[in-house]
$ cat coords-v1.cif   # mmCIF, C-alpha atoms
data_coords
#
loop_
_atom_site.label_atom_id
_atom_site.label_comp_id
_atom_site.auth_asym_id
_atom_site.auth_seq_id
_atom_site.Cartn_x
_atom_site.Cartn_y
_atom_site.Cartn_z
CA MET A 85 0.00 0.00 0.00
CA LYS A 86 1.70 3.21 -1.19
CA ILE A 87 1.06 6.78 -0.02
CA ILE A 88 1.46 9.40 -2.76
CA SER A 89 1.12 13.15 -2.30
CA ASP A 90 2.03 16.33 -4.14
CA SER A 91 4.98 18.54 -3.27
CA CYS A 92 2.91 20.82 -1.02
CA CYS A 93 3.07 18.01 1.54
CA ASP A 94 5.93 19.28 3.74
CA LEU A 95 8.16 16.65 5.34
CA ASN A 96 11.22 16.42 7.55
CA THR A 97 13.93 13.74 7.41
CA GLU A 98 12.27 11.59 10.06
CA LEU A 99 8.88 11.62 8.29
CA LYS A 100 10.46 10.76 4.93
CA LYS A 101 11.85 7.57 6.51
CA GLN A 102 8.71 6.82 8.53
CA LEU A 103 6.14 7.28 5.78
CA ASP A 104 7.90 5.88 2.70
CA ILE A 105 5.96 8.44 0.68
CA GLU A 106 6.30 9.48 -2.95
CA LEU A 107 5.78 13.13 -3.88
CA VAL A 108 4.65 14.40 -7.29
CA PRO A 109 6.19 17.85 -7.88
CA LEU A 110 4.34 21.00 -8.90
CA THR A 111 6.20 23.67 -10.86
CA ILE A 112 6.72 27.34 -10.01
CA ARG A 113 7.27 30.13 -12.52
CA ILE A 114 8.56 33.58 -11.56
CA GLY A 115 9.14 35.91 -14.50
CA ASN A 116 11.10 33.85 -17.02
CA GLN A 117 12.46 31.37 -14.44
CA GLU A 118 10.90 27.97 -13.79
CA PHE A 119 11.47 25.80 -10.71
CA LEU A 120 10.49 22.15 -10.22
CA ASP A 121 9.36 21.67 -6.62
CA ASP A 122 11.37 18.53 -5.92
CA GLU A 123 14.24 17.65 -3.57
CA SER A 124 16.75 19.57 -5.71
CA LEU A 125 14.93 22.89 -5.17
CA ASP A 126 16.80 25.49 -3.09
CA THR A 127 13.92 27.21 -1.25
CA LYS A 128 16.16 30.03 0.01
CA GLU A 129 17.07 30.85 -3.61
CA LEU A 130 13.37 30.67 -4.53
CA LEU A 131 12.50 33.15 -1.75
CA LYS A 132 15.26 35.49 -2.97
CA VAL A 133 13.96 35.36 -6.57
CA MET A 134 10.38 36.03 -5.37
CA LYS A 135 11.50 39.02 -3.32
CA ASN A 136 13.45 40.58 -6.20
CA ASN A 137 10.81 40.04 -8.87
CA GLU A 138 7.74 42.21 -9.43
CA ASP A 139 5.86 39.38 -11.13
CA SER A 140 3.49 37.22 -9.12
CA PRO A 141 4.75 33.64 -8.74
CA LYS A 142 2.64 31.22 -10.80
CA THR A 143 2.28 27.57 -9.82
CA ALA A 144 1.31 24.69 -12.10
CA SER A 145 -0.14 21.35 -11.03
CA PRO A 146 1.53 18.07 -11.98
CA SER A 147 0.13 16.64 -15.22
CA PRO A 148 -2.08 13.51 -15.07
CA GLY A 149 0.90 11.74 -16.69
CA SER A 150 3.06 12.48 -13.62
CA PHE A 151 0.51 10.74 -11.40
CA ILE A 152 0.14 7.83 -13.85
CA GLU A 153 3.89 7.13 -13.55
CA LYS A 154 3.48 6.73 -9.76
CA TYR A 155 0.27 4.68 -10.04
CA LYS A 156 1.90 2.22 -12.47
CA LYS A 157 4.55 1.29 -9.90
CA ASN A 158 2.06 0.28 -7.18
CA ASP A 159 -0.87 -2.12 -7.01
CA LYS A 160 -2.53 -0.10 -4.25
CA SER A 161 -2.22 3.67 -3.78
CA PHE A 162 -3.67 6.26 -1.43
CA VAL A 163 -3.20 9.79 -2.78
CA VAL A 164 -3.38 13.09 -0.86
CA THR A 165 -3.54 16.38 -2.78
CA LEU A 166 -3.66 20.10 -2.21
CA SER A 167 -7.12 21.56 -1.64
CA SER A 168 -9.12 21.37 -4.88
CA ALA A 169 -10.31 24.93 -4.13
CA LEU A 170 -6.71 26.18 -4.50
CA SER A 171 -5.24 23.93 -7.18
CA SER A 172 -6.16 21.62 -10.07
CA THR A 173 -3.83 18.93 -8.63
CA TYR A 174 -6.76 16.91 -7.22
CA ASN A 175 -8.53 16.93 -10.61
CA HIS A 176 -5.34 15.80 -12.38
CA ALA A 177 -4.82 13.00 -9.85
CA MET A 178 -8.42 11.86 -10.46
CA MET A 179 -8.01 12.05 -14.25
CA ALA A 180 -4.90 9.90 -13.95
CA LYS A 181 -6.77 7.40 -11.77
CA ASN A 182 -9.59 7.06 -14.31
CA MET A 183 -7.13 6.72 -17.21
CA ILE A 184 -5.05 4.00 -15.57
CA LEU A 185 -8.05 2.02 -14.30
CA GLU A 186 -9.30 1.82 -17.89
CA GLU A 187 -5.98 0.14 -18.80
CA ALA A 188 -5.45 -1.90 -15.65
CA GLY A 189 -8.69 -2.45 -13.75
CA ASN A 190 -7.02 -4.60 -11.09
CA LYS A 191 -5.34 -1.64 -9.33
CA PHE A 192 -6.67 0.12 -6.23
CA ILE A 193 -6.35 3.93 -6.18
CA HIS A 194 -8.11 6.37 -3.86
CA VAL A 195 -7.54 10.14 -4.06
CA PHE A 196 -8.21 12.38 -1.04
CA ASP A 197 -8.80 16.12 -1.39
CA SER A 198 -6.98 17.46 1.69
CA VAL A 199 -9.07 20.69 1.68
CA SER A 200 -5.81 22.00 3.15
CA ALA A 201 -2.13 22.41 2.25
CA ALA A 202 1.36 22.17 3.74
CA ALA A 203 1.23 20.72 7.29
CA GLY A 204 -2.41 19.73 6.70
CA GLU A 205 -1.40 17.34 3.91
CA THR A 206 1.44 16.06 6.09
CA LEU A 207 -0.94 15.15 8.92
CA ILE A 208 -3.30 13.30 6.57
CA CYS A 209 -0.37 11.23 5.28
CA ILE A 210 0.66 10.44 8.87
CA LYS A 211 -2.91 9.35 9.64
CA LEU A 212 -3.01 7.15 6.52
CA ASN A 213 0.28 5.52 7.49
CA GLU A 214 -1.07 4.80 10.98
CA LEU A 215 -4.28 3.23 9.59
CA ILE A 216 -2.38 1.15 7.00
CA ASN A 217 -0.05 -0.17 9.72
CA LYS A 218 -3.09 -1.27 11.74
CA GLY A 219 -3.96 -3.58 8.83
CA LEU A 220 -7.40 -2.06 8.25
CA HIS A 221 -9.39 -2.76 5.09
CA GLU A 222 -9.21 -0.11 2.35
CA SER A 223 -12.86 0.93 2.85
CA GLU A 224 -12.28 1.47 6.59
CA ILE A 225 -9.12 3.50 5.91
CA ILE A 226 -11.10 5.72 3.49
CA GLU A 227 -13.90 6.22 6.02
CA LYS A 228 -11.59 7.09 8.92
CA THR A 229 -9.39 9.36 6.78
CA ASN A 230 -12.40 11.27 5.42
CA GLU A 231 -13.59 11.72 9.00
CA TYR A 232 -10.13 13.02 9.97
CA ILE A 233 -10.08 15.50 7.05
CA GLY A 234 -13.58 16.69 7.96
CA GLU A 235 -12.46 17.56 11.50
CA MET A 236 -9.10 19.13 10.59
CA LYS A 237 -8.40 22.85 11.10
CA THR A 238 -5.77 24.83 9.20
CA PHE A 239 -4.48 28.31 10.10
CA PHE A 240 -1.61 30.46 8.88
CA VAL A 241 0.14 33.73 9.67
CA LEU A 242 1.94 35.71 6.96
CA GLU A 243 5.01 37.83 7.63
CA SER A 244 4.98 39.20 4.08
CA LEU A 245 1.93 40.24 2.05
CA ASP A 246 3.97 40.65 -1.17
CA ASN A 247 2.59 37.60 -2.98
CA LEU A 248 -1.02 38.37 -2.02
CA ILE A 249 -0.57 41.86 -3.50
CA LYS A 250 1.24 40.60 -6.63
CA ALA A 251 -1.45 37.97 -7.21
CA GLY A 252 -4.20 40.60 -6.90
CA ARG A 253 -5.73 38.98 -3.79
CA MET A 254 -5.09 42.23 -1.94
CA SER A 255 -5.01 45.71 -3.50
CA LYS A 256 -1.70 47.59 -3.54
CA ILE A 257 -3.24 50.36 -1.43
CA GLN A 258 -4.55 47.87 1.16
CA GLY A 259 -1.20 46.08 1.11
CA LYS A 260 0.85 49.24 1.59
CA LEU A 261 -1.44 50.36 4.40
CA ALA A 262 -1.23 46.94 6.09
CA SER A 263 2.57 46.95 5.74
CA ALA A 264 2.81 50.51 7.11
CA LEU A 265 0.70 49.52 10.12
CA SER A 266 2.56 46.18 10.51
CA ILE A 267 -0.73 44.30 10.14
CA LYS A 268 -0.22 40.53 10.00
CA PRO A 269 -3.38 38.64 9.04
CA ILE A 270 -4.25 35.31 10.63
CA MET A 271 -5.88 33.26 7.89
CA GLY A 272 -7.73 29.96 8.07
CA SER A 273 -9.29 27.34 5.84
CA THR A 274 -13.01 27.11 5.12
CA ASP A 275 -14.88 23.78 5.16
CA ASP A 276 -14.48 23.50 1.39
CA GLY A 277 -10.73 24.24 1.44
CA ASN A 278 -10.82 27.93 0.54
CA ILE A 279 -9.08 30.71 2.49
CA ARG A 280 -10.75 33.04 5.00
CA LEU A 281 -9.51 35.95 7.11
CA VAL A 282 -9.68 35.04 10.81
CA LYS A 283 -8.14 38.11 12.47
CA LYS A 284 -5.99 41.16 11.69
CA VAL A 285 -3.24 41.74 14.25
CA ARG A 286 -0.48 44.36 14.43
CA GLY A 287 3.01 42.85 14.59
CA ILE A 288 4.16 39.30 13.92
CA ASN A 289 4.75 38.38 17.58
CA LYS A 290 1.26 39.51 18.57
CA ALA A 291 -0.17 37.64 15.59
CA LEU A 292 1.52 34.40 16.66
CA SER A 293 0.38 34.91 20.25
CA LYS A 294 -3.18 35.49 19.01
CA LEU A 295 -2.86 32.35 16.84
CA VAL A 296 -2.30 30.33 20.04
CA ASP A 297 -5.58 31.79 21.38
CA VAL A 298 -7.36 30.96 18.10
CA ILE A 299 -6.34 27.31 18.54
CA GLY A 300 -8.02 27.35 21.95
CA GLU A 301 -11.31 28.43 20.38
CA GLU A 302 -11.45 24.96 18.74
CA GLU A 303 -10.84 23.04 21.97
CA ASN A 304 -14.51 22.29 22.68
CA SER A 305 -15.01 20.67 19.25
CA CYS A 306 -11.64 18.85 19.17
CA LYS A 307 -10.06 16.34 21.54
CA PHE A 308 -6.57 17.86 21.53
CA GLU A 309 -5.08 14.96 23.52
CA GLU A 310 -5.92 12.64 20.58
CA LYS A 311 -4.54 14.96 17.90
CA VAL A 312 -1.15 15.70 16.37
CA LEU A 313 -0.52 19.35 15.48
CA GLY A 314 1.74 20.09 12.52
CA ILE A 315 3.66 23.34 11.90
CA THR A 316 5.14 24.27 8.51
CA HIS A 317 7.60 27.16 8.64
CA VAL A 318 9.04 29.15 5.74
CA ASN A 319 12.67 29.85 6.62
CA CYS A 320 11.89 30.64 10.30
CA LYS A 321 12.69 27.60 12.43
CA GLU A 322 13.15 29.57 15.67
CA ARG A 323 9.70 31.13 15.24
CA ALA A 324 8.19 27.65 14.73
CA GLU A 325 10.00 26.29 17.82
CA LYS A 326 8.74 29.19 19.95
CA LEU A 327 5.19 28.64 18.66
CA LYS A 328 5.45 24.92 19.45
CA GLU A 329 6.59 25.73 23.00
CA ASP A 330 3.72 28.21 23.53
CA ILE A 331 1.15 25.69 22.24
CA MET A 332 2.59 22.89 24.42
CA ASN A 333 2.41 25.14 27.50
CA GLN A 334 -1.28 25.83 26.90
CA TYR A 335 -2.76 22.68 25.34
CA SER A 336 -2.38 18.91 25.59
CA PHE A 337 -1.83 17.78 21.97
CA LYS A 338 -0.67 14.18 21.53
CA ASP A 339 2.35 15.44 19.59
CA ILE A 340 3.56 18.56 17.76
CA ILE A 341 5.74 18.19 14.67
CA ILE A 342 7.66 20.87 12.77
CA VAL A 343 8.42 20.65 9.05
CA GLU A 344 10.19 23.07 6.73
CA ALA A 345 8.24 24.45 3.77
CA GLY A 346 8.94 23.12 0.31
CA GLY A 347 8.59 25.30 -2.77
CA ILE A 348 4.80 25.45 -3.04
CA SER A 349 4.25 26.23 0.65
CA SER A 350 6.98 28.88 0.37
CA VAL A 351 5.10 30.52 -2.51
CA TYR A 352 1.79 30.52 -0.61
CA ALA A 353 3.08 31.58 2.83
CA ASN A 354 6.22 33.51 1.74
CA ASP A 355 9.36 34.16 3.80
CA GLY A 356 8.66 34.03 7.55
CA GLY A 357 5.23 32.45 7.10
CA ILE A 358 3.76 29.83 9.44
CA VAL A 359 1.09 27.26 8.55
CA LEU A 360 -0.36 24.96 11.17
CA ALA A 361 -2.97 22.23 11.13
CA PHE A 362 -4.51 19.84 13.66
#

$ encode --input "coords-v1.cif" --output "structure tokens"
Amino acid sequence: MKIISDSCCDLNTELKKQLDIELVPLTIRIGNQEFLDDESLDTKELLKVMKNNEDSPKTASPSPGSFIEKYKKNDKSFVVTLSSALSSTYNHAMMAKNMILEEAGNKFIHVFDSVSAAAGETLICIKLNELINKGLHESEIIEKTNEYIGEMKTFFVLESLDNLIKAGRMSKIQGKLASALSIKPIMGSTDDGNIRLVKKVRGINKALSKLVDVIGEEENSCKFEEKVLGITHVNCKERAEKLKEDIMNQYSFKDIIIVEAGGISSVYANDGGIVLAF
């Protein structure tokens, strides 16, 4: 049973060994430069290019053919993709599934829409690995994983609003005003995997402190002691460690893991960004 995800699933060395996961890379274009979001990508160089370029970074989903290559190698595959509200990756993974099942009907492939990104995808892959190791039947794994996805919460704090402004998601005037006032938005996911504004806070440290409070607002609907919390950081490990410590001091999560952002998460959250899910 193989777990496959796209390159927005952020991993650390330990998780790469533990999960035996295969990642299908997205591509990133900035101006006339193109980057493949695989293990050879230098994310620090990517951040530098983004900062020095006026163009908005563009991301492209893996082709159905890229997923077909992975499916061919395995008799049974569970696939986790970026939120279908943010990317066409899920649709391409499904197209690939339908194409290969027409050729080889004896394969098992199930594609999950994470309705999340970054650490959210990571947590779903960890959950899948846990369920597979318990020896559960495929149908039970699907049911329990869908339940897990339905309960999951994703939040993020942005240090830089540059990419939101470049992509037209925030007007230049709003962006300049927010930057002048040091406003750092706390964003969250909607039930269908879109992005919503949770709070506007002045200053990154206050925003991260408020993020810890926002987590607490979910405590009544979530059993924290049964959940793992994942933190993706974009080039700010110390910030992620401090956040982990603050969360541990306040709540009783089963575990808290930290992963460094790959290319796609770096594009979405930008330098200094934090994404967390539980």

$ atom_distance --input "coords-v1.cif" --atom1 "CA of His221 (chain A)" --atom2 "CA of Gly314 (chain A)"
26.5 Å

$ atom_distance --input "coords-v1.cif" --atom1 "CA of Ile342 (chain A)" --atom2 "CA of Val164 (chain A)"
19.2 Å

$ resolve_selection --input "coords-v1.cif" --expression "the PyMOL selection byres ((chain A and resi 127-140) around 10)" --output "ChimeraX atom specification"
/A:112-119,121,123-126,141-143,244,246-252,318-319,344-351,354-355

$ closest_residue --input "coords-v1.cif" --among "A:Phe239, A:Phe196, A:Phe337, A:Phe151" --to "Leu166 (chain A)" --atoms "all atoms listed in the file"
A:Phe196

$ resolve_selection --input "coords-v1.cif" --expression "the PyMOL selection byres ((chain A and resi 98-107) around 6)" --output "PyMOL selection string"
chain A and resi 87-91+95-97+108

$ write_last_selection --input "coords-v1.cif" --atoms "C-alpha atoms" --output "CSV table (one decimal), in the frame of the given file"
chain,number,residue,atom,x,y,z
A,87,ILE,CA,1.1,6.8,0.0
A,88,ILE,CA,1.5,9.4,-2.8
A,89,SER,CA,1.1,13.2,-2.3
A,90,ASP,CA,2.0,16.3,-4.1
A,91,SER,CA,5.0,18.5,-3.3
A,95,LEU,CA,8.2,16.6,5.3
A,96,ASN,CA,11.2,16.4,7.6
A,97,THR,CA,13.9,13.7,7.4
A,108,VAL,CA,4.6,14.4,-7.3

$ atom_distance --input "coords-v1.cif" --atom1 "CA of Thr173 (chain A)" --atom2 "CA of Pro146 (chain A)"
6.4 Å

$ closest_residue --input "coords-v1.cif" --among "A:Val359, A:Val163, A:Ala180, A:Ile210" --to "Val241 (chain A)" --atoms "all atoms listed in the file"
A:Val359

$ residues_near_point --input "coords-v1.cif" --point "(-6.3, 2.2, -9.4)" --cutoff "12 Å" --atoms "all atoms listed in the file" --output "PyMOL selection string"
chain A and resi 85-86+151-152+154-163+177-195

$ closest_residue --input "coords-v1.cif" --among "A:Ile226, A:Ile331, A:Cys92, A:Met236" --to "Thr165 (chain A)" --atoms "all atoms listed in the file"
A:Cys92

$ axis_aligned_box --input "coords-v1.cif" --around "region 97-111 of chain A" --padding-each-side "8 Å" --output "lines of an AutoDock Vina configuration file"
center_x = 9.1
center_y = 14.8
center_z = -0.4
size_x = 25.6
size_y = 33.8
size_z = 36.9

$ resolve_selection --input "coords-v1.cif" --expression "the PyMOL selection byres ((chain A and resi 310) around 9)" --output "ChimeraX atom specification"
/A:306-309,311-312,336-339

$ decode --input "coords-v1.cif" --residues "region 144-232 of chain A" --atoms "C-alpha atoms" --output "compact mmCIF listing (two decimals), in the first residue's frame"
# COMPACT_ATOMS: atom_id res chain seq x y z
CA ALA A 144 1.31 24.69 -12.10
CA SER A 145 -0.14 21.35 -11.03
CA PRO A 146 1.53 18.07 -11.98
CA SER A 147 0.13 16.64 -15.22
CA PRO A 148 -2.08 13.51 -15.07
CA GLY A 149 0.90 11.74 -16.69
CA SER A 150 3.06 12.48 -13.62
CA PHE A 151 0.51 10.74 -11.40
CA ILE A 152 0.14 7.83 -13.85
CA GLU A 153 3.89 7.13 -13.55
CA LYS A 154 3.48 6.73 -9.76
CA TYR A 155 0.27 4.68 -10.04
CA LYS A 156 1.90 2.22 -12.47
CA LYS A 157 4.55 1.29 -9.90
CA ASN A 158 2.06 0.28 -7.18
CA ASP A 159 -0.87 -2.12 -7.01
CA LYS A 160 -2.53 -0.10 -4.25
CA SER A 161 -2.22 3.67 -3.78
CA PHE A 162 -3.67 6.26 -1.43
CA VAL A 163 -3.20 9.79 -2.78
CA VAL A 164 -3.38 13.09 -0.86
CA THR A 165 -3.54 16.38 -2.78
CA LEU A 166 -3.66 20.10 -2.21
CA SER A 167 -7.12 21.56 -1.64
CA SER A 168 -9.12 21.37 -4.88
CA ALA A 169 -10.31 24.93 -4.13
CA LEU A 170 -6.71 26.18 -4.50
CA SER A 171 -5.24 23.93 -7.18
CA SER A 172 -6.16 21.62 -10.07
CA THR A 173 -3.83 18.93 -8.63
CA TYR A 174 -6.76 16.91 -7.22
CA ASN A 175 -8.53 16.93 -10.61
CA HIS A 176 -5.34 15.80 -12.38
CA ALA A 177 -4.82 13.00 -9.85
CA MET A 178 -8.42 11.86 -10.46
CA MET A 179 -8.01 12.05 -14.25
CA ALA A 180 -4.90 9.90 -13.95
CA LYS A 181 -6.77 7.40 -11.77
CA ASN A 182 -9.59 7.06 -14.31
CA MET A 183 -7.13 6.72 -17.21
CA ILE A 184 -5.05 4.00 -15.57
CA LEU A 185 -8.05 2.02 -14.30
CA GLU A 186 -9.30 1.82 -17.89
CA GLU A 187 -5.98 0.14 -18.80
CA ALA A 188 -5.45 -1.90 -15.65
CA GLY A 189 -8.69 -2.45 -13.75
CA ASN A 190 -7.02 -4.60 -11.09
CA LYS A 191 -5.34 -1.64 -9.33
CA PHE A 192 -6.67 0.12 -6.23
CA ILE A 193 -6.35 3.93 -6.18
CA HIS A 194 -8.11 6.37 -3.86
CA VAL A 195 -7.54 10.14 -4.06
CA PHE A 196 -8.21 12.38 -1.04
CA ASP A 197 -8.80 16.12 -1.39
CA SER A 198 -6.98 17.46 1.69
CA VAL A 199 -9.07 20.69 1.68
CA SER A 200 -5.81 22.00 3.15
CA ALA A 201 -2.13 22.41 2.25
CA ALA A 202 1.36 22.17 3.74
CA ALA A 203 1.23 20.72 7.29
CA GLY A 204 -2.41 19.73 6.70
CA GLU A 205 -1.40 17.34 3.91
CA THR A 206 1.44 16.06 6.09
CA LEU A 207 -0.94 15.15 8.92
CA ILE A 208 -3.30 13.30 6.57
CA CYS A 209 -0.37 11.23 5.28
CA ILE A 210 0.66 10.44 8.87
CA LYS A 211 -2.91 9.35 9.64
CA LEU A 212 -3.01 7.15 6.52
CA ASN A 213 0.28 5.52 7.49
CA GLU A 214 -1.07 4.80 10.98
CA LEU A 215 -4.28 3.23 9.59
CA ILE A 216 -2.38 1.15 7.00
CA ASN A 217 -0.05 -0.17 9.72
CA LYS A 218 -3.09 -1.27 11.74
CA GLY A 219 -3.96 -3.58 8.83
CA LEU A 220 -7.40 -2.06 8.25
CA HIS A 221 -9.39 -2.76 5.09
CA GLU A 222 -9.21 -0.11 2.35
CA SER A 223 -12.86 0.93 2.85
CA GLU A 224 -12.28 1.47 6.59
CA ILE A 225 -9.12 3.50 5.91
CA ILE A 226 -11.10 5.72 3.49
CA GLU A 227 -13.90 6.22 6.02
CA LYS A 228 -11.59 7.09 8.92
CA THR A 229 -9.39 9.36 6.78
CA ASN A 230 -12.40 11.27 5.42
CA GLU A 231 -13.59 11.72 9.00
CA TYR A 232 -10.13 13.02 9.97
